Amino acid sequence: MSAKQRAKETRDRPIGVFDSGIGGITVLKALRKALPHEDLVYLGDTARLPYGTKSAETVTAYATQATKHLLGHEVKMVVIACNTASAVALGPLKEALAPIPVIGVIEPGAKAGVKATKTGRIGVIATEATVKGGAYARAIHAAMPEAQVAQAPCGLFVTLAEEGWTKGEVAEAAAKRYLAPLFKGRAAPDTLVLGCTHFPVLAGTIRKIVGKGVKLVDSAATTAKAVEEALSRQNLATARKGKGKTRFLATDSTERFARVGGIFFGEAIRAKDVELVDIKPD
């Protein structure tokens, strides 16, 4: 095989996406929209979720095992659609998978928040584990040292998203309870980073509470943009023009994966189209 043929074969390989569960499907949806010709393989490690309650060592081990499974599908790039794994395992995974590119969700979201703010006051909402870990604050300050970062854990948003309760009185009451303290007073953020992959499906309700003047940064959309730029920069974008394929893998409960995943994907996912896989420990 010639070098030109090998390069084409590499470009036509799928992009691997993994999350501890189902919320990362918002990233998959954004990738599907931004890169319609690319093949995508999504792995939800639903048997071992949530990652947020695990130690950094355990999360890194799980993330490494998940990405190795994706390598079995000959992926050309890995996208970590999980905030916890992005926070603690991005560096080790980049080193372990080189030269295959690895992209997480935190840095693109943080950079987009810095780009969007006019006052330097940036809010971040995420799970309790992500907020306590401080990864978004560190990434924002790395890009804008003078930024004022206010964070709020919004754990109930995850449950509401997975139940499909993204609008209405219950969702609005939760959003008001979480967000009102963050946006009180003159020093309120002018930009809000949605620092959990579940949260984009609640964007309409969040917007209703914070008002039109606040810029919402969707970490799923910003990650898709970062992937698109990396594919172009490294000459890895497929030259195919047809519609790319999407493949779903889960480590547990394909029925629930399909039911909840459809909420995040914006279209129905059939349980029979979700492949049950077993990730072997190293």
# chains A, B, ... in the order shown; residues from 1 in each chain; ligands from 1
$ select_by_dssp --residues "region 203-260 of chain A" --states "strand (DSSP E or B)" --output "VMD selection string"
chain A and resid 215 to 218 246 to 250
$ write_last_selection --atoms "C-alpha atoms" --output "PDB file, in the first residue's frame"
ATOM      1  CA  LYS A 215     -23.816  34.338  27.056  1.00  0.00           C
ATOM      2  CA  LEU A 216     -24.286  30.561  27.400  1.00  0.00           C
ATOM      3  CA  VAL A 217     -21.277  28.452  26.430  1.00  0.00           C
ATOM      4  CA  ASP A 218     -22.170  24.905  25.412  1.00  0.00           C
ATOM      5  CA  THR A 246     -22.976   6.420  14.068  1.00  0.00           C
ATOM      6  CA  ARG A 247     -22.332   3.374  16.219  1.00  0.00           C
ATOM      7  CA  PHE A 248     -23.377   3.026  19.859  1.00  0.00           C
ATOM      8  CA  LEU A 249     -21.624   0.835  22.443  1.00  0.00           C
ATOM      9  CA  ALA A 250     -22.578   0.438  26.121  1.00  0.00           C
TER      10      ALA A 250
END
$ closest_atom_pairs --of "region 120-182 of chain A" --to "region 20-24 of chain A" --cutoff "12 Å" --atoms "only C-alpha atoms" --output "JSON lines"
{"residue": "A:Thr127", "atom": "CA", "partner": "A:Gly23", "partner_atom": "CA", "distance": 12.0}
{"residue": "A:Phe157", "atom": "CA", "partner": "A:Gly23", "partner_atom": "CA", "distance": 11.2}
{"residue": "A:Val158", "atom": "CA", "partner": "A:Gly23", "partner_atom": "CA", "distance": 8.3}
{"residue": "A:Thr159", "atom": "CA", "partner": "A:Gly23", "partner_atom": "CA", "distance": 10.6}
{"residue": "A:Leu160", "atom": "CA", "partner": "A:Gly23", "partner_atom": "CA", "distance": 11.7}
{"residue": "A:Ala161", "atom": "CA", "partner": "A:Gly23", "partner_atom": "CA", "distance": 8.6}
{"residue": "A:Glu162", "atom": "CA", "partner": "A:Gly23", "partner_atom": "CA", "distance": 8.1}
{"residue": "A:Glu163", "atom": "CA", "partner": "A:Gly23", "partner_atom": "CA", "distance": 11.9}
$ write_last_selection --atoms "N, CA and C atoms" --output "PDB file, in the first residue's frame"
ATOM      1  N   THR A 127     -21.244  19.366  37.771  1.00  0.00           N
ATOM      2  CA  THR A 127     -21.525  18.470  38.886  1.00  0.00           C
ATOM      3  C   THR A 127     -20.660  18.877  40.071  1.00  0.00           C
ATOM      4  N   PHE A 157     -29.646  18.762  37.988  1.00  0.00           N
ATOM      5  CA  PHE A 157     -29.799  18.920  36.538  1.00  0.00           C
ATOM      6  C   PHE A 157     -29.531  17.607  35.799  1.00  0.00           C
ATOM      7  N   VAL A 158     -28.617  16.801  36.321  1.00  0.00           N
ATOM      8  CA  VAL A 158     -28.298  15.522  35.674  1.00  0.00           C
ATOM      9  C   VAL A 158     -29.521  14.613  35.682  1.00  0.00           C
ATOM     10  N   THR A 159     -30.159  14.505  36.846  1.00  0.00           N
ATOM     11  CA  THR A 159     -31.357  13.663  36.971  1.00  0.00           C
ATOM     12  C   THR A 159     -32.488  14.194  36.097  1.00  0.00           C
ATOM     13  N   LEU A 160     -32.706  15.497  36.127  1.00  0.00           N
ATOM     14  CA  LEU A 160     -33.773  16.093  35.313  1.00  0.00           C
ATOM     15  C   LEU A 160     -33.534  15.822  33.832  1.00  0.00           C
ATOM     16  N   ALA A 161     -32.298  15.953  33.399  1.00  0.00           N
ATOM     17  CA  ALA A 161     -31.973  15.720  31.991  1.00  0.00           C
ATOM     18  C   ALA A 161     -32.255  14.270  31.604  1.00  0.00           C
ATOM     19  N   GLU A 162     -31.847  13.335  32.467  1.00  0.00           N
ATOM     20  CA  GLU A 162     -32.021  11.924  32.141  1.00  0.00           C
ATOM     21  C   GLU A 162     -33.477  11.491  32.202  1.00  0.00           C
ATOM     22  N   GLU A 163     -34.296  12.196  32.973  1.00  0.00           N
ATOM     23  CA  GLU A 163     -35.716  11.892  33.026  1.00  0.00           C
ATOM     24  C   GLU A 163     -36.498  12.618  31.934  1.00  0.00           C
TER      25      GLU A 163
END
$ residues_around --residues "region 134-137 of chain A" --least-positions-apart "3" --cutoff "10 Å" --atoms "only C-alpha atoms" --output "PyMOL selection string"
chain A and resi 83-84+86-88+105-107+109-111+113+122-126+129-131+140-142+145+147-151+193+195
$ closest_residue --among "A:Asp19, A:Met77, A:Ala175, A:Ile25" --to "Glu228 (chain A)" --atoms "only C-alpha atoms"
A:Met77
$ closest_residue --among "A:Phe257, A:Thr46, A:Val41, A:Lys241" --to "Lys29 (chain A)" --atoms "only C-alpha atoms"
A:Val41
$ closest_residue --among "A:Ala239, A:Ile263, A:Ile100, A:Ala143" --to "Asp39 (chain A)" --atoms "only C-alpha atoms"
A:Ala239
$ residues_around --residues "Asn235 (chain A)" --least-positions-apart "2" --cutoff "12 Å" --atoms "only C-alpha atoms" --output "ChimeraX atom specification"
/A:7-8,10-12,76-77,101,227-233,237-239
$ atom_distance --atom1 "CA of Glu9 (chain A)" --atom2 "CA of Arg240 (chain A)"
11.3 Å
$ closest_residue --among "A:Thr26, A:Thr197, A:Ser253, A:Thr223" --to "Gly104 (chain A)" --atoms "only C-alpha atoms"
A:Thr223
$ residues_around --residues "Ile103 (chain A)" --least-positions-apart "5" --cutoff "8 Å" --atoms "only C-alpha atoms" --output "PDB file with C-alpha atoms, in the first residue's frame"
ATOM      1  CA  VAL A  78     -10.485   9.989  20.694  1.00  0.00           C
ATOM      2  CA  VAL A  79     -12.865  12.539  22.218  1.00  0.00           C
ATOM      3  CA  ILE A  80     -13.333  12.402  25.992  1.00  0.00           C
ATOM      4  CA  LEU A  90      -6.478  13.794  29.573  1.00  0.00           C
ATOM      5  CA  THR A 223     -15.636  20.527  21.777  1.00  0.00           C
ATOM      6  CA  ALA A 226     -12.095  21.867  18.559  1.00  0.00           C
ATOM      7  CA  VAL A 227     -12.367  18.419  16.948  1.00  0.00           C
TER       8      VAL A 227
END
$ atom_distance --atom1 "CA of Glu267 (chain A)" --atom2 "CA of His37 (chain A)"
18.1 Å
$ closest_residue --among "A:Val214, A:Leu28, A:Met144, A:Val75" --to "Phe265 (chain A)" --atoms "only C-alpha atoms"
A:Leu28
$ closest_atom_pairs --of "region 77-190 of chain A" --to "region 53-67 of chain A" --cutoff "7 Å" --atoms "only C-alpha atoms" --output "CSV"
residue,atom,partner,partner_atom,distance
A:Ala85,CA,A:Val59,CA,6.3
A:Val88,CA,A:Ala56,CA,6.0
A:Ala89,CA,A:Thr60,CA,4.9
A:Leu93,CA,A:Thr64,CA,6.5
$ write_last_selection --atoms "N, CA and C atoms" --output "CSV table (one decimal), in the first residue's frame"
chain,number,residue,atom,x,y,z
A,85,ALA,N,-13.3,12.7,33.5
A,85,ALA,CA,-12.2,12.0,32.8
A,85,ALA,C,-11.3,13.0,32.1
A,88,VAL,N,-9.0,14.6,34.9
A,88,VAL,CA,-7.9,13.9,35.5
A,88,VAL,C,-7.1,12.9,34.6
A,89,ALA,N,-7.7,12.6,33.5
A,89,ALA,CA,-7.1,11.6,32.6
A,89,ALA,C,-6.6,12.1,31.3
A,93,LEU,N,-3.8,10.0,28.9
A,93,LEU,CA,-4.4,9.4,27.7
A,93,LEU,C,-3.6,9.9,26.5
